[in-house]
$ cat coords22.cif   # mmCIF, C-alpha atoms
data_data
#
loop_
_atom_site.label_atom_id
_atom_site.label_comp_id
_atom_site.auth_asym_id
_atom_site.auth_seq_id
_atom_site.Cartn_x
_atom_site.Cartn_y
_atom_site.Cartn_z
CA MET A 77 -23.92 -21.10 -0.21
CA LEU A 78 -23.64 -18.09 2.11
CA MET A 79 -22.75 -20.25 5.11
CA ARG A 80 -20.08 -22.05 3.06
CA MET A 81 -18.52 -18.73 2.09
CA LEU A 82 -18.59 -17.38 5.64
CA ALA A 83 -17.17 -20.55 7.13
CA GLY A 84 -14.56 -20.84 4.39
CA GLY A 85 -13.50 -17.22 4.84
CA LEU A 86 -13.16 -17.63 8.61
CA ILE A 87 -11.25 -20.91 8.36
CA ALA A 88 -8.95 -19.61 5.63
CA GLY A 89 -8.35 -16.38 7.52
CA PHE A 90 -7.55 -18.08 10.81
CA ALA A 91 -5.23 -20.56 9.07
CA ALA A 92 -3.42 -17.66 7.38
CA GLY A 93 -3.23 -15.98 10.78
CA LEU A 94 -1.49 -19.04 12.22
CA PHE A 95 0.97 -18.91 9.33
CA ALA A 96 1.48 -15.21 10.09
CA THR A 97 2.33 -15.94 13.72
CA VAL A 98 4.96 -18.49 12.66
CA LEU A 99 6.61 -15.89 10.44
CA HIS A 100 6.19 -13.25 13.15
CA PHE A 101 8.02 -15.33 15.74
CA ALA A 102 10.71 -16.24 13.21
CA PHE A 103 11.42 -12.80 11.75
CA VAL A 104 9.76 -9.98 13.73
CA GLN A 105 9.51 -10.85 17.41
CA GLU A 106 13.22 -10.54 18.18
CA ILE A 107 13.32 -7.04 16.70
CA ILE A 108 10.37 -5.96 18.87
CA LEU A 109 12.02 -7.36 22.00
CA HIS A 110 15.26 -5.59 21.08
CA ALA A 111 13.41 -2.30 20.57
CA GLU A 112 11.73 -2.65 23.97
CA LEU A 113 15.18 -2.57 25.56
CA TYR A 114 15.63 0.92 24.07
CA GLU A 115 12.15 1.93 25.14
CA SER A 116 12.82 0.87 28.74
CA GLY A 117 16.22 2.59 28.82
CA GLU A 118 18.25 -0.59 29.23
CA LEU A 119 19.90 0.24 25.92
CA VAL A 120 20.59 3.77 24.69
CA HIS A 121 21.04 4.75 21.06
CA PHE A 122 24.56 6.15 20.50
CA GLY A 123 25.33 5.32 24.10
CA GLU A 124 26.30 2.56 26.47
CA PRO A 125 23.86 0.30 28.33
CA MET A 126 22.84 1.61 31.72
CA ASP A 127 24.92 0.55 34.72
CA HIS A 128 22.38 -1.94 36.06
CA SER A 129 22.49 -3.97 32.88
CA ALA A 130 26.28 -3.88 32.66
CA SER A 131 26.76 -5.24 36.18
CA ALA A 132 23.69 -7.37 36.53
CA GLY A 133 24.82 -10.92 35.92
CA HIS A 134 22.21 -13.49 36.83
CA ASP A 135 20.31 -11.04 39.04
CA ASP A 136 19.54 -8.84 36.04
CA HIS A 137 18.01 -11.73 34.16
CA GLY A 138 15.76 -12.38 37.09
CA GLY A 139 14.82 -8.72 37.43
CA HIS A 140 14.72 -6.29 34.53
CA GLY A 141 15.64 -8.94 31.95
CA ASP A 142 12.14 -10.36 31.80
CA HIS A 143 12.64 -11.50 28.23
CA GLY A 144 14.48 -14.49 29.61
CA ASN A 145 13.58 -17.31 31.97
CA GLY A 146 12.26 -15.00 34.67
CA ALA A 147 9.18 -14.21 32.59
CA ASP A 148 8.16 -17.57 31.18
CA GLY A 149 4.55 -17.04 32.28
CA SER A 150 4.22 -13.53 30.88
CA ALA A 151 6.04 -14.56 27.68
CA PHE A 152 3.62 -17.45 27.21
CA GLY A 153 0.63 -15.18 27.75
CA ARG A 154 2.01 -12.58 25.38
CA ASN A 155 2.69 -15.17 22.69
CA ALA A 156 -0.73 -16.76 23.15
CA LEU A 157 -2.43 -13.39 22.69
CA THR A 158 -0.31 -12.76 19.60
CA VAL A 159 -1.54 -16.04 18.09
CA LEU A 160 -5.17 -15.34 19.02
CA PHE A 161 -5.40 -11.76 17.82
CA THR A 162 -3.41 -12.37 14.64
CA GLY A 163 -5.75 -15.23 13.80
CA LEU A 164 -8.79 -13.04 14.44
CA ILE A 165 -7.39 -10.16 12.36
CA TYR A 166 -6.73 -12.37 9.36
CA ALA A 167 -10.10 -14.06 9.80
CA GLY A 168 -11.58 -10.60 9.30
CA TYR A 169 -9.39 -10.04 6.26
CA GLY A 170 -10.56 -13.41 4.93
CA LEU A 171 -14.18 -12.27 5.17
CA VAL A 172 -13.27 -9.05 3.32
CA LEU A 173 -11.78 -11.07 0.46
CA VAL A 174 -14.78 -13.40 0.37
CA ALA A 175 -17.11 -10.40 0.16
CA GLY A 176 -15.03 -9.12 -2.75
CA TYR A 177 -15.29 -12.51 -4.48
CA GLN A 178 -19.05 -12.36 -4.08
CA VAL A 179 -19.21 -8.91 -5.68
CA ALA A 180 -17.00 -10.12 -8.53
CA GLY A 181 -19.31 -13.12 -8.96
CA LEU A 182 -22.27 -10.80 -9.45
CA PHE A 183 -20.46 -9.44 -12.51
CA GLY A 184 -19.80 -12.90 -13.88
CA ARG A 185 -16.23 -13.24 -12.64
CA THR A 186 -15.03 -16.65 -11.44
CA ILE A 187 -12.18 -16.50 -8.93
CA THR A 188 -9.57 -19.16 -9.65
CA LEU A 189 -6.77 -20.09 -7.25
CA GLN A 190 -4.34 -17.96 -9.26
CA GLU A 191 -6.69 -14.99 -9.15
CA GLY A 192 -7.16 -15.59 -5.43
CA VAL A 193 -3.42 -15.10 -4.94
CA LEU A 194 -3.61 -11.85 -6.93
CA TRP A 195 -6.56 -10.72 -4.81
CA GLY A 196 -4.49 -11.48 -1.72
CA ILE A 197 -1.58 -9.40 -3.02
CA ALA A 198 -4.02 -6.59 -3.82
CA GLY A 199 -5.32 -6.84 -0.24
CA PHE A 200 -1.75 -6.53 1.01
CA ALA A 201 -1.26 -3.45 -1.18
CA ALA A 202 -4.48 -1.84 0.07
CA PHE A 203 -4.30 -2.66 3.77
CA GLN A 204 -0.57 -2.56 4.44
CA LEU A 205 1.76 -1.49 1.63
CA ALA A 206 -0.02 1.72 0.58
CA PRO A 207 -0.60 2.94 4.17
CA ALA A 208 3.04 2.09 5.00
CA MET A 209 4.19 4.52 2.30
CA GLY A 210 2.91 7.32 4.54
CA MET A 211 3.03 5.69 7.97
CA ALA A 212 5.67 2.98 8.26
CA PRO A 213 5.15 0.17 10.80
CA GLU A 214 6.30 1.51 14.15
CA LEU A 215 8.57 -0.07 16.72
CA PRO A 216 7.76 0.13 20.45
CA GLY A 217 8.67 3.57 21.74
CA ALA A 218 8.23 5.26 18.37
CA ILE A 219 6.47 8.61 18.35
CA GLY A 220 3.63 9.12 15.87
CA ALA A 221 1.38 11.93 14.73
CA ASP A 222 -2.12 12.44 16.14
CA ILE A 223 -3.80 9.04 16.31
CA THR A 224 -7.19 10.26 15.07
CA LEU A 225 -5.70 11.88 11.97
CA ARG A 226 -3.66 8.74 11.29
CA GLN A 227 -6.76 6.55 11.53
CA TYR A 228 -8.67 8.74 9.08
CA TRP A 229 -5.75 8.74 6.63
CA TRP A 230 -5.27 4.98 6.94
CA LEU A 231 -8.95 4.28 6.28
CA GLY A 232 -9.07 6.65 3.34
CA THR A 233 -5.91 5.10 1.90
CA VAL A 234 -7.30 1.56 2.21
CA VAL A 235 -10.58 2.48 0.51
CA ALA A 236 -8.91 4.52 -2.24
CA THR A 237 -6.28 1.87 -2.96
CA ALA A 238 -8.77 -1.00 -3.02
CA GLY A 239 -11.14 0.94 -5.27
CA GLY A 240 -8.35 2.08 -7.55
CA LEU A 241 -6.92 -1.43 -7.94
CA ALA A 242 -10.39 -2.78 -8.71
CA MET A 243 -10.83 -0.19 -11.45
CA ILE A 244 -7.39 -0.97 -12.88
CA GLY A 245 -7.91 -4.73 -12.73
CA TYR A 246 -11.49 -4.97 -13.97
CA GLY A 247 -12.10 -1.73 -15.80
CA ARG A 248 -12.45 -1.72 -19.58
CA GLY A 249 -10.64 0.91 -21.54
CA VAL A 250 -8.11 3.57 -20.71
CA LEU A 251 -10.37 5.85 -18.67
CA PRO A 252 -11.03 3.40 -15.79
CA VAL A 253 -7.32 2.63 -15.58
CA LEU A 254 -6.43 6.32 -15.39
CA ALA A 255 -9.17 6.94 -12.84
CA GLY A 256 -7.98 3.98 -10.77
CA ALA A 257 -4.38 5.13 -10.83
CA THR A 258 -5.48 8.61 -9.77
CA LEU A 259 -7.50 7.14 -6.91
CA VAL A 260 -4.52 5.08 -5.72
CA ALA A 261 -2.27 8.14 -5.77
CA LEU A 262 -4.77 10.52 -4.15
CA PRO A 263 -4.07 9.76 -0.45
CA HIS A 264 -0.35 10.20 -1.03
CA ALA A 265 -0.92 13.47 -2.85
CA ILE A 266 -2.89 14.65 0.18
CA GLY A 267 -0.17 13.34 2.47
CA ALA A 268 -0.18 11.37 5.68
CA PRO A 269 -0.11 13.14 9.06
CA VAL A 270 3.50 13.81 10.04
CA LEU A 271 5.38 14.95 13.11
CA VAL A 272 6.78 18.45 13.36
CA ALA A 273 10.01 16.97 14.73
CA TYR A 274 11.30 13.40 14.66
CA VAL A 275 12.38 11.68 17.84
CA GLY A 276 12.60 8.09 18.99
CA TYR A 277 14.41 5.71 21.28
CA ALA A 278 15.45 2.93 18.90
CA PRO A 279 18.10 3.29 16.18
CA PRO A 280 16.68 4.12 12.73
CA GLU A 281 18.48 1.06 11.32
CA LEU A 282 16.43 -1.16 13.64
CA ALA A 283 13.22 0.61 12.65
CA ALA A 284 14.03 0.16 8.96
CA GLU A 285 14.69 -3.56 9.43
CA PHE A 286 11.44 -3.90 11.37
CA SER A 287 9.40 -2.22 8.64
CA ALA A 288 10.99 -4.35 5.92
CA ARG A 289 10.33 -7.58 7.79
CA VAL A 290 6.76 -6.66 8.70
CA LEU A 291 5.91 -5.88 5.08
CA GLY A 292 7.69 -8.98 3.79
CA VAL A 293 5.80 -11.22 6.21
CA ALA A 294 2.52 -9.51 5.34
CA LEU A 295 3.05 -10.06 1.61
CA ALA A 296 3.60 -13.79 2.10
CA VAL A 297 0.61 -14.15 4.41
CA TRP A 298 -1.76 -12.20 2.16
CA ALA A 299 -0.78 -14.35 -0.83
CA VAL A 300 -1.53 -17.50 1.20
CA LEU A 301 -4.78 -15.93 2.42
CA GLY A 302 -5.89 -15.21 -1.14
CA TRP A 303 -5.16 -18.79 -2.21
CA LEU A 304 -6.97 -20.30 0.78
CA THR A 305 -10.05 -18.12 0.46
CA ALA A 306 -10.28 -18.85 -3.27
CA LYS A 307 -10.05 -22.57 -2.57
CA LEU A 308 -12.44 -22.70 0.39
CA ALA A 309 -14.91 -19.87 -0.13
CA ALA A 310 -14.93 -18.48 -3.68
CA PRO A 311 -18.34 -18.69 -5.43
CA THR A 312 -18.57 -21.52 -7.92
CA PRO A 313 -20.30 -21.04 -11.30
CA GLY A 314 -23.94 -22.01 -11.19
CA ALA A 315 -24.06 -22.22 -7.38
CA ALA A 316 -27.25 -20.98 -5.80
#

$ encode --input "coords22.cif" --output "structure tokens"
Amino acid sequence: MLMRMLAGGLIAGFAAGLFATVLHFAFVQEIILHAELYESGELVHFGEPMDHSASAGHDDHGGHGDHGNGADGSAFGRNALTVLFTGLIYAGYGLVLVAGYQVAGLFGRTITLQEGVLWGIAGFAAFQLAPAMGMAPELPGAIGADITLRQYWWLGTVVATAGGLAMIGYGRGVLPVLAGATLVALPHAIGAPVLVAYVGYAPPELAAEFSARVLGVALAVWAVLGWLTAKLAAPTPGAA
């Protein structure tokens, strides 16, 4: 039983990770590559491209323009690592969901495919949506607050949101719901670490589009992850 759940969680997570990479390449990758042009100085916000890019022609594509055919090897390696690490990340998320299913099973809850999708959406809310309300997904070249403080706030937000949603979803009576809602709101009442001054290379419009696409992709992938883990790894009634 345990081995089935572990294997199912890993398989479901890696499959969801492959789906995530497809959506990433379709909707997110081009924005990242565009932002890297601002980070490198080839493009300037509220300004003109630097002289070398304006007069480059074919030589520029072979030199600084490594997003094109002059960097096929590095592009392949970068894309391969994206596929690998995204698969591993969602495999870990799959195990987190499976562990949650097991805890729910101890309280007599059976996770159906529909509930699995809801669990996936709750995972998206805990791991990505709630933290993004204080720390939006960042483009290359973006400046952030102290990394240690951000890590602490992110972890606290994930734990508080997951716990609060569990109390809202499975609590009985008004008090657990109120306590859960308070727990969800607590990290945002405390506030995420912020910069004293805001500065960045890329246009804010590009950053906004990036954040929207990242969160949209994550929602779709988490819903698929919840469905897959419920189908492959959720405890079945009466199983030993």

$ closest_residue --input "coords22.cif" --among "A:Val172, A:Leu119, A:Ala180, A:Val104" --to "A:Gly89" --atoms "all atoms listed in the file"
A:Val172

$ resolve_selection --input "coords22.cif" --expression "the PyMOL selection byres ((chain A and resi 236-238) around 9)" --output "PDB file with C-alpha atoms, in the coordinates of the input"
ATOM      1  CA  ALA A 198      -4.020  -6.590  -3.820  1.00  0.00           C
ATOM      2  CA  GLY A 199      -5.320  -6.840  -0.240  1.00  0.00           C
ATOM      3  CA  ALA A 201      -1.260  -3.450  -1.180  1.00  0.00           C
ATOM      4  CA  ALA A 202      -4.480  -1.840   0.070  1.00  0.00           C
ATOM      5  CA  PHE A 203      -4.300  -2.660   3.770  1.00  0.00           C
ATOM      6  CA  ALA A 206      -0.020   1.720   0.580  1.00  0.00           C
ATOM      7  CA  LEU A 231      -8.950   4.280   6.280  1.00  0.00           C
ATOM      8  CA  GLY A 232      -9.070   6.650   3.340  1.00  0.00           C
ATOM      9  CA  THR A 233      -5.910   5.100   1.900  1.00  0.00           C
ATOM     10  CA  VAL A 234      -7.300   1.560   2.210  1.00  0.00           C
ATOM     11  CA  VAL A 235     -10.580   2.480   0.510  1.00  0.00           C
ATOM     12  CA  GLY A 239     -11.140   0.940  -5.270  1.00  0.00           C
ATOM     13  CA  GLY A 240      -8.350   2.080  -7.550  1.00  0.00           C
ATOM     14  CA  LEU A 241      -6.920  -1.430  -7.940  1.00  0.00           C
ATOM     15  CA  ALA A 242     -10.390  -2.780  -8.710  1.00  0.00           C
ATOM     16  CA  MET A 243     -10.830  -0.190 -11.450  1.00  0.00           C
ATOM     17  CA  GLY A 256      -7.980   3.980 -10.770  1.00  0.00           C
ATOM     18  CA  ALA A 257      -4.380   5.130 -10.830  1.00  0.00           C
ATOM     19  CA  LEU A 259      -7.500   7.140  -6.910  1.00  0.00           C
ATOM     20  CA  VAL A 260      -4.520   5.080  -5.720  1.00  0.00           C
ATOM     21  CA  ALA A 261      -2.270   8.140  -5.770  1.00  0.00           C
ATOM     22  CA  LEU A 262      -4.770  10.520  -4.150  1.00  0.00           C
ATOM     23  CA  PRO A 263      -4.070   9.760  -0.450  1.00  0.00           C
TER      24      PRO A 263
END

$ residues_around --input "coords22.cif" --residues "stretch 219-227 of chain A" --least-positions-apart "2" --cutoff "7 Å" --atoms "all atoms listed in the file" --output "mmCIF file with C-alpha atoms, keeping the file's coordinate frame"
data_model
loop_
_atom_site.group_PDB
_atom_site.id
_atom_site.type_symbol
_atom_site.label_atom_id
_atom_site.label_comp_id
_atom_site.auth_asym_id
_atom_site.auth_seq_id
_atom_site.Cartn_x
_atom_site.Cartn_y
_atom_site.Cartn_z
ATOM 1 C CA GLY A 217 8.670 3.570 21.740
ATOM 2 C CA TRP A 229 -5.750 8.740 6.630
ATOM 3 C CA TRP A 230 -5.270 4.980 6.940
ATOM 4 C CA LEU A 231 -8.950 4.280 6.280
ATOM 5 C CA PRO A 269 -0.110 13.140 9.060
ATOM 6 C CA VAL A 270 3.500 13.810 10.040
ATOM 7 C CA LEU A 271 5.380 14.950 13.110
ATOM 8 C CA VAL A 275 12.380 11.680 17.840
ATOM 9 C CA GLY A 276 12.600 8.090 18.990
#

$ closest_residue --input "coords22.cif" --among "A:Leu251, A:Met81, A:Ala278, A:Ala283" --to "A:Gly176" --atoms "only C-alpha atoms"
A:Met81

$ axis_aligned_box --input "coords22.cif" --around "stretch 238-257 of chain A" --padding-each-side "4 Å" --output "JSON"
{"center_x": -8.4, "center_y": 1.0, "center_z": -12.3, "size_x": 16.1, "size_y": 19.9, "size_z": 26.5}

$ atom_distance --input "coords22.cif" --atom1 "atom CA of A:Ala151" --atom2 "atom CA of A:Gly292"
24.6 Å

$ resolve_selection --input "coords22.cif" --expression "the PyMOL selection byres ((chain A and resi 301) around 7)" --output "VMD selection string"
chain A and resid 88 to 89 92 170 196 297 to 300 302 to 305

$ closest_atom_pairs --input "coords22.cif" --of "stretch 176-287 of chain A" --to "stretch 109-118 of chain A" --cutoff "12 Å" --atoms "only C-alpha atoms" --output "CSV"
residue,atom,partner,partner_atom,distance
A:Glu214,CA,A:Ala111,CA,10.3
A:Leu215,CA,A:Ala111,CA,6.6
A:Pro216,CA,A:Glu112,CA,6.0
A:Gly217,CA,A:Glu115,CA,5.1
A:Ala218,CA,A:Glu115,CA,8.5
A:Ile219,CA,A:Glu115,CA,11.1
A:Gly276,CA,A:Glu115,CA,8.7
A:Tyr277,CA,A:Tyr114,CA,5.7
A:Ala278,CA,A:Tyr114,CA,5.5
A:Pro279,CA,A:Ala111,CA,8.5
A:Pro280,CA,A:Ala111,CA,10.6
A:Glu281,CA,A:Ala111,CA,11.1
A:Leu282,CA,A:Ala111,CA,7.6
A:Ala283,CA,A:Ala111,CA,8.4
A:Ala284,CA,A:Ala111,CA,11.9
A:Glu285,CA,A:Ala111,CA,11.3
A:Phe286,CA,A:Ala111,CA,9.5

$ atom_distance --input "coords22.cif" --atom1 "atom CA of A:Leu78" --atom2 "atom CA of A:Phe90"
18.3 Å

$ closest_residue --input "coords22.cif" --among "A:Leu160, A:Leu94, A:Leu173, A:Ala83" --to "A:Val193" --atoms "all atoms listed in the file"
A:Leu173

$ build_atoms --input "coords22.cif" --residues "stretch 252-272 of chain A" --atoms "N, CA and C atoms" --output "PDB file, keeping the file's coordinate frame"
ATOM      1  N   PRO A 252     -11.019   4.001 -17.132  1.00  0.00           N
ATOM      2  CA  PRO A 252     -11.030   3.400 -15.790  1.00  0.00           C
ATOM      3  C   PRO A 252      -9.643   3.190 -15.211  1.00  0.00           C
ATOM      4  N   VAL A 253      -8.690   2.829 -16.064  1.00  0.00           N
ATOM      5  CA  VAL A 253      -7.320   2.630 -15.580  1.00  0.00           C
ATOM      6  C   VAL A 253      -6.737   3.942 -15.069  1.00  0.00           C
ATOM      7  N   LEU A 254      -6.928   5.019 -15.821  1.00  0.00           N
ATOM      8  CA  LEU A 254      -6.430   6.320 -15.390  1.00  0.00           C
ATOM      9  C   LEU A 254      -7.122   6.779 -14.114  1.00  0.00           C
ATOM     10  N   ALA A 255      -8.440   6.556 -14.047  1.00  0.00           N
ATOM     11  CA  ALA A 255      -9.170   6.940 -12.840  1.00  0.00           C
ATOM     12  C   ALA A 255      -8.704   6.118 -11.643  1.00  0.00           C
ATOM     13  N   GLY A 256      -8.461   4.819 -11.859  1.00  0.00           N
ATOM     14  CA  GLY A 256      -7.980   3.980 -10.770  1.00  0.00           C
ATOM     15  C   GLY A 256      -6.607   4.392 -10.285  1.00  0.00           C
ATOM     16  N   ALA A 257      -5.715   4.691 -11.216  1.00  0.00           N
ATOM     17  CA  ALA A 257      -4.380   5.130 -10.830  1.00  0.00           C
ATOM     18  C   ALA A 257      -4.431   6.447 -10.060  1.00  0.00           C
ATOM     19  N   THR A 258      -5.320   7.337 -10.483  1.00  0.00           N
ATOM     20  CA  THR A 258      -5.480   8.610  -9.770  1.00  0.00           C
ATOM     21  C   THR A 258      -5.991   8.370  -8.354  1.00  0.00           C
ATOM     22  N   LEU A 259      -6.937   7.442  -8.228  1.00  0.00           N
ATOM     23  CA  LEU A 259      -7.500   7.140  -6.910  1.00  0.00           C
ATOM     24  C   LEU A 259      -6.443   6.540  -5.989  1.00  0.00           C
ATOM     25  N   VAL A 260      -5.592   5.664  -6.525  1.00  0.00           N
ATOM     26  CA  VAL A 260      -4.520   5.080  -5.720  1.00  0.00           C
ATOM     27  C   VAL A 260      -3.552   6.149  -5.241  1.00  0.00           C
ATOM     28  N   ALA A 261      -3.246   7.100  -6.099  1.00  0.00           N
ATOM     29  CA  ALA A 261      -2.270   8.140  -5.770  1.00  0.00           C
ATOM     30  C   ALA A 261      -2.832   9.241  -4.884  1.00  0.00           C
ATOM     31  N   LEU A 262      -4.151   9.384  -4.837  1.00  0.00           N
ATOM     32  CA  LEU A 262      -4.770  10.520  -4.150  1.00  0.00           C
ATOM     33  C   LEU A 262      -4.372  10.648  -2.679  1.00  0.00           C
ATOM     34  N   PRO A 263      -4.445   9.587  -1.861  1.00  0.00           N
ATOM     35  CA  PRO A 263      -4.070   9.760  -0.450  1.00  0.00           C
ATOM     36  C   PRO A 263      -2.638  10.237  -0.259  1.00  0.00           C
ATOM     37  N   HIS A 264      -1.747   9.806  -1.161  1.00  0.00           N
ATOM     38  CA  HIS A 264      -0.350  10.200  -1.030  1.00  0.00           C
ATOM     39  C   HIS A 264      -0.132  11.622  -1.514  1.00  0.00           C
ATOM     40  N   ALA A 265      -0.964  12.062  -2.449  1.00  0.00           N
ATOM     41  CA  ALA A 265      -0.920  13.470  -2.850  1.00  0.00           C
ATOM     42  C   ALA A 265      -1.400  14.363  -1.713  1.00  0.00           C
ATOM     43  N   ILE A 266      -2.416  13.898  -1.001  1.00  0.00           N
ATOM     44  CA  ILE A 266      -2.890  14.650   0.180  1.00  0.00           C
ATOM     45  C   ILE A 266      -1.831  14.640   1.268  1.00  0.00           C
ATOM     46  N   GLY A 267      -1.244  13.468   1.480  1.00  0.00           N
ATOM     47  CA  GLY A 267      -0.170  13.340   2.470  1.00  0.00           C
ATOM     48  C   GLY A 267      -0.655  12.800   3.792  1.00  0.00           C
ATOM     49  N   ALA A 268       0.139  11.919   4.372  1.00  0.00           N
ATOM     50  CA  ALA A 268      -0.180  11.370   5.680  1.00  0.00           C
ATOM     51  C   ALA A 268       0.164  12.371   6.778  1.00  0.00           C
ATOM     52  N   PRO A 269      -0.488  12.278   7.934  1.00  0.00           N
ATOM     53  CA  PRO A 269      -0.110  13.140   9.060  1.00  0.00           C
ATOM     54  C   PRO A 269       1.340  12.894   9.465  1.00  0.00           C
ATOM     55  N   VAL A 270       2.080  13.939   9.698  1.00  0.00           N
ATOM     56  CA  VAL A 270       3.500  13.810  10.040  1.00  0.00           C
ATOM     57  C   VAL A 270       3.797  14.593  11.313  1.00  0.00           C
ATOM     58  N   LEU A 271       4.913  14.238  11.924  1.00  0.00           N
ATOM     59  CA  LEU A 271       5.380  14.950  13.110  1.00  0.00           C
ATOM     60  C   LEU A 271       6.098  16.239  12.702  1.00  0.00           C
ATOM     61  N   VAL A 272       6.028  17.218  13.587  1.00  0.00           N
ATOM     62  CA  VAL A 272       6.780  18.450  13.360  1.00  0.00           C
ATOM     63  C   VAL A 272       8.275  18.178  13.527  1.00  0.00           C
TER      64      VAL A 272
END
